[in-house]
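One structure is given below, encoded as structure tokens.
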Amino acid sequence: MHKANLNLLPTLKVLLETRNISRAAELLNLSQPSISKQLGQLRSEFGDELLVREGQRWLLTPRAEALAAQLADSLGALERLYEAPEFAPERCERVFRLASSDYVAQHILPDICAALARAAPRAALEYSLWDKRQLPQLWQSELDMVSTITELVPDQIRGLHQGEDRLVVLMGRHHPLSGMALSLEDYLAWPHLQVSGGGDKDSPVEQVLAPRGLSRRWFARVPFFQAAVEVLLRTDCLMTTPAHIAWQLSREHALSFCDLPFATRVQQYHLLWHQRHHLDPAHRWFRELAYPFLRDHLQFTLGESRKQLARGPQASR
């Protein structure tokens with residue numbers, strides 16, 4: 001198979017348009033000997049004279065005339081390969097894929113969907129629950145972005161930091177401990193509830209308790225926050241959860257929250273995506289649309305939870 005020298009095509013185009021070696025050299029900022037050499041290479045490439053001298057003029061061969069008709073379209077197509085892709089939200093028909101917890105699905109996703117529908121009415125959004133164990137395999141996932149808690153961001157993962165939060169203890173207002181400052185004995189004496197879906201939100205607790213040979217007594221693990229709320233309202237379980245989530249849920253239901261009886265590391269919230277999506281215009285547009293909703297919700301609810309905790313346990317009753 002013949003290997004074409006595509007670098008010669010711009011010279012061919014100008015020669016066929018000007019039919020003049022001197023003028024072609026001027027337009028291409030090359031010397032006449034250089035243009036003459038390239039013309040010789042082009043003749044060899046195409047097996048045709050291409051331009052034939054007739055007195056003071058150059059005439060195109062039939063092959064050259066045929067090439068002239070094709071070359072503009074061919075070079076135009078090659079140039080378009082190098083053009084930066086354009087993105088128009090109003091014409092976008094892409095399915096954007098986002099993953100996080102069911103808490104995000106209930107409290108933040110509707111705002112993202114409303115903004116997406118206004119700006120890109122022909123686009124679609126597919127949401128799924130996130131498991132943080134999937135993060136190292138994000139490169140092979142169909143997901144565009146994940147909103148998650150993580151301490152370490154793997155190589156080739158890009159992201160935006162949303163903020164950080166600490167863990168608190170959430171319970172029903174009917175609970176005997178509601179409105180009280182908890183001791184470690186209190187914390188371990190009562191049954192515990194965990195939300196298993198959408199990421200591991202209370203693992204820092206085990207990092208404190210396990211070295212002391214202590215552990216919680218589990219009553220139930222449920223996949224969704226809404227299910228957890230119903231269990232808390234009907235039992236004497238305790239649930240360790242980020243403060244901003246505790247504030248939001250206690251605002252909507254007969255729940256209260258207080259500080260843990262021991263310190264744990266704070267949790268870092270990120271919006272993450274794989275490097276391969278980073279320069280994609282549609283992806284960049286969608287993450288710029290979604291990120292403010294995620295960040296602002298976290299920052300507002302986090303601020304409110306801090307105010308409430310500063311007022312003491314009775315304030316959350």
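Letters A, B, ... go to the chains of the structure tokens in the order shown; residues in each chain start at 1; ligands are counted from 1 in the same order.
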
Which residues, written as a compact mmCIF listing (two decimals) with N, CA and C atoms, in the first residue's frame, have at least one atom at most 9 Å from Thr61 (chain A), with only C-alpha atoms counted and residues fewer than 5 positions away on the same chain left out?
# COMPACT_ATOMS: atom_id res chain seq x y z
N ASP A 48 2.26 11.66 -12.49
CA ASP A 48 1.70 12.56 -13.51
C ASP A 48 2.49 13.86 -13.47
N GLU A 49 2.55 14.57 -14.61
CA GLU A 49 3.28 15.84 -14.67
C GLU A 49 2.59 16.93 -13.85
N LEU A 50 1.30 16.87 -13.76
CA LEU A 50 0.48 17.81 -12.99
C LEU A 50 0.47 19.22 -13.60
N LEU A 51 1.62 19.87 -13.70
CA LEU A 51 1.74 21.18 -14.35
C LEU A 51 2.73 21.06 -15.50
N VAL A 52 2.34 21.55 -16.68
CA VAL A 52 3.17 21.49 -17.89
C VAL A 52 3.41 22.91 -18.38
N ALA A 66 -8.59 17.22 -12.17
CA ALA A 66 -9.43 16.37 -11.32
C ALA A 66 -9.04 16.51 -9.85

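Taking only C-alpha atoms, the non-local environment of Asp165 (chain A) within 7 Å (same-chain residues fewer than 4 positions away omitted) comprises Pro242, Ala243, Val266, Gln267, Gln268 and Leu302 of chain A.
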
Expected file: the selected residues, all heavy atoms, as a compact mmCIF listing (two decimals), in the first residue's frame:
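Saved file result.txt follows:
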# COMPACT_ATOMS: atom_id res chain seq x y z
N PRO A 242 -22.62 11.98 58.66
CA PRO A 242 -22.08 13.34 58.54
C PRO A 242 -23.05 14.39 59.09
O PRO A 242 -24.27 14.26 58.97
CB PRO A 242 -21.86 13.50 57.04
CG PRO A 242 -21.64 12.10 56.55
CD PRO A 242 -22.56 11.26 57.38
N ALA A 243 -22.50 15.43 59.68
CA ALA A 243 -23.31 16.45 60.36
C ALA A 243 -24.29 17.14 59.42
O ALA A 243 -25.42 17.44 59.81
CB ALA A 243 -22.39 17.47 61.03
N VAL A 266 -11.93 14.20 59.81
CA VAL A 266 -12.98 14.79 58.98
C VAL A 266 -13.05 14.05 57.65
O VAL A 266 -12.10 13.37 57.24
CB VAL A 266 -12.73 16.30 58.74
CG1 VAL A 266 -12.78 17.06 60.05
CG2 VAL A 266 -11.39 16.52 58.03
N GLN A 267 -14.16 14.21 56.97
CA GLN A 267 -14.38 13.52 55.70
C GLN A 267 -14.37 14.54 54.57
O GLN A 267 -14.98 15.61 54.66
CB GLN A 267 -15.70 12.76 55.73
CG GLN A 267 -15.69 11.66 56.77
CD GLN A 267 -16.96 10.83 56.76
OE1 GLN A 267 -18.05 11.36 56.83
NE2 GLN A 267 -16.82 9.52 56.65
N GLN A 268 -13.67 14.18 53.49
CA GLN A 268 -13.49 15.08 52.35
C GLN A 268 -14.45 14.69 51.23
O GLN A 268 -14.49 13.54 50.81
CB GLN A 268 -12.04 14.99 51.84
CG GLN A 268 -10.99 15.25 52.91
CD GLN A 268 -11.05 16.65 53.47
OE1 GLN A 268 -11.45 17.60 52.79
NE2 GLN A 268 -10.64 16.82 54.73
N LEU A 302 -23.84 22.25 56.15
CA LEU A 302 -22.72 22.14 57.07
C LEU A 302 -22.70 23.34 58.02
O LEU A 302 -22.53 23.20 59.25
CB LEU A 302 -21.41 22.07 56.29
CG LEU A 302 -20.11 21.95 57.08
CD1 LEU A 302 -20.13 20.72 57.96
CD2 LEU A 302 -18.93 21.91 56.13

key: Backbone DSSP call of helix (DSSP H, G or I) for region 256-297 of chain A, listed as a ChimeraX atom specification   = /A:275-277,281-297

request  = Show which residues sit within 10 Å of His174 (chain A), as number ranges by chain. Count only C-alpha atoms, and ignore same-chain residues fewer than 2 positions away.
outcome  = A: 171-172, 176-179, 232-236, 254-256, 317

Go ahead and write the residues just picked, C-alpha atoms, as an mmCIF file, in the first residue's frame.
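result.cif, written as the output of this step:
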data_model
loop_
_atom_site.group_PDB
_atom_site.id
_atom_site.type_symbol
_atom_site.label_atom_id
_atom_site.label_comp_id
_atom_site.auth_asym_id
_atom_site.auth_seq_id
_atom_site.Cartn_x
_atom_site.Cartn_y
_atom_site.Cartn_z
ATOM 1 C CA MET A 171 -31.403 9.468 66.746
ATOM 2 C CA GLY A 172 -35.141 9.851 67.182
ATOM 3 C CA PRO A 176 -33.612 8.491 76.049
ATOM 4 C CA LEU A 177 -30.300 10.063 74.978
ATOM 5 C CA SER A 178 -31.866 12.791 72.834
ATOM 6 C CA GLY A 179 -30.766 16.236 73.963
ATOM 7 C CA LEU A 232 -34.728 5.709 63.738
ATOM 8 C CA LEU A 233 -38.273 6.996 64.230
ATOM 9 C CA ARG A 234 -39.496 3.570 65.355
ATOM 10 C CA THR A 235 -36.571 2.209 67.379
ATOM 11 C CA ASP A 236 -33.931 3.309 69.871
ATOM 12 C CA ALA A 254 -38.584 14.078 64.506
ATOM 13 C CA LEU A 255 -34.854 13.424 64.882
ATOM 14 C CA SER A 256 -32.053 14.992 66.895
ATOM 15 C CA ARG A 317 -34.462 18.349 70.107
#

task = List the neighbours of region 24-32 of chain A out to 8 Å using only C-alpha atoms; skip same-chain residues closer than 5 positions along the sequence, and give me the result as a count of residues only.
result = 5

task = Step one, run DSSP on the backbone; step two, keep only residues of region 1-238 of chain A assigned to strand (DSSP E); then write them as a PyMOL selection string.
result = chain A and resi 51-54+57-60+95-100+124-129+145-149+157-165+167-172+192-195+218-222+238

inquiry  = Can you tell me which residues surround Ala290 (chain A) at a distance of at most 12 Å, considering only C-alpha atoms, apart from same-chain residues fewer than 5 positions away, and format the answer as a ChimeraX atom specification?
reply    = /A:96-99,104,108-116,125,144-147,160,162,271-272,283-285,295-297

How would the residues just picked look written out with C-alpha atoms as a tab-separated table (two decimals), in the first residue's frame?
chain	number	residue	atom	x	y	z
A	96	PHE	CA	-24.93	12.23	31.30
A	97	ARG	CA	-24.19	9.65	34.00
A	98	LEU	CA	-23.75	10.69	37.63
A	99	ALA	CA	-23.39	8.54	40.76
A	104	VAL	CA	-27.82	13.31	47.02
A	108	ILE	CA	-29.59	17.75	45.36
A	109	LEU	CA	-30.32	15.80	42.17
A	110	PRO	CA	-33.73	17.47	41.54
A	111	ASP	CA	-32.02	20.88	41.32
A	112	ILE	CA	-29.41	19.51	38.92
A	113	CYS	CA	-32.17	17.94	36.80
A	114	ALA	CA	-34.13	21.20	36.67
A	115	ALA	CA	-31.07	23.15	35.55
A	116	LEU	CA	-30.21	20.50	32.95
A	125	LEU	CA	-29.39	12.13	33.01
A	144	ASP	CA	-19.18	10.71	33.79
A	145	MET	CA	-18.80	11.81	37.40
A	146	VAL	CA	-19.16	10.66	41.00
A	147	SER	CA	-19.80	12.72	44.10
A	160	LEU	CA	-13.30	19.45	42.44
A	162	GLN	CA	-16.74	20.35	47.67
A	271	LEU	CA	-16.78	15.57	42.58
A	272	LEU	CA	-14.55	13.22	40.57
A	283	HIS	CA	-18.44	16.92	30.11
A	284	ARG	CA	-16.89	20.22	31.17
A	285	TRP	CA	-20.24	21.95	30.68
A	295	ARG	CA	-20.91	22.37	46.83
A	296	ASP	CA	-23.53	24.90	47.89
A	297	HIS	CA	-25.81	22.31	49.49

inquiry  = At a cut-off of 9 Å, using only C-alpha atoms, what residues contact Ala263 (chain A)? Leave out same-chain residues fewer than 6 positions from it and give the result as JSON, numbers by chain.
reply    = {"A": [167, 205, 208]}

ask   = Within 10 Å of His270 (chain A), counting only C-alpha atoms, which residues qualify if same-chain residues fewer than 4 places away don't, as a ChimeraX atom specification?
value = /A:146-151,153,158-164,291,294-295

query = What gap, in Å, lies between CA of Gln226 (chain A) and CA of His244 (chain A)?
reply = 15.4 Å

task = Find, counting only C-alpha atoms, the residue in A:Val195, A:Leu67, A:Ala246, A:Ala88 that gets nearest to Val231 (chain A).
result =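 Counting only C-alpha atoms, the residue closest to Val231 (chain A) is A:Val195.
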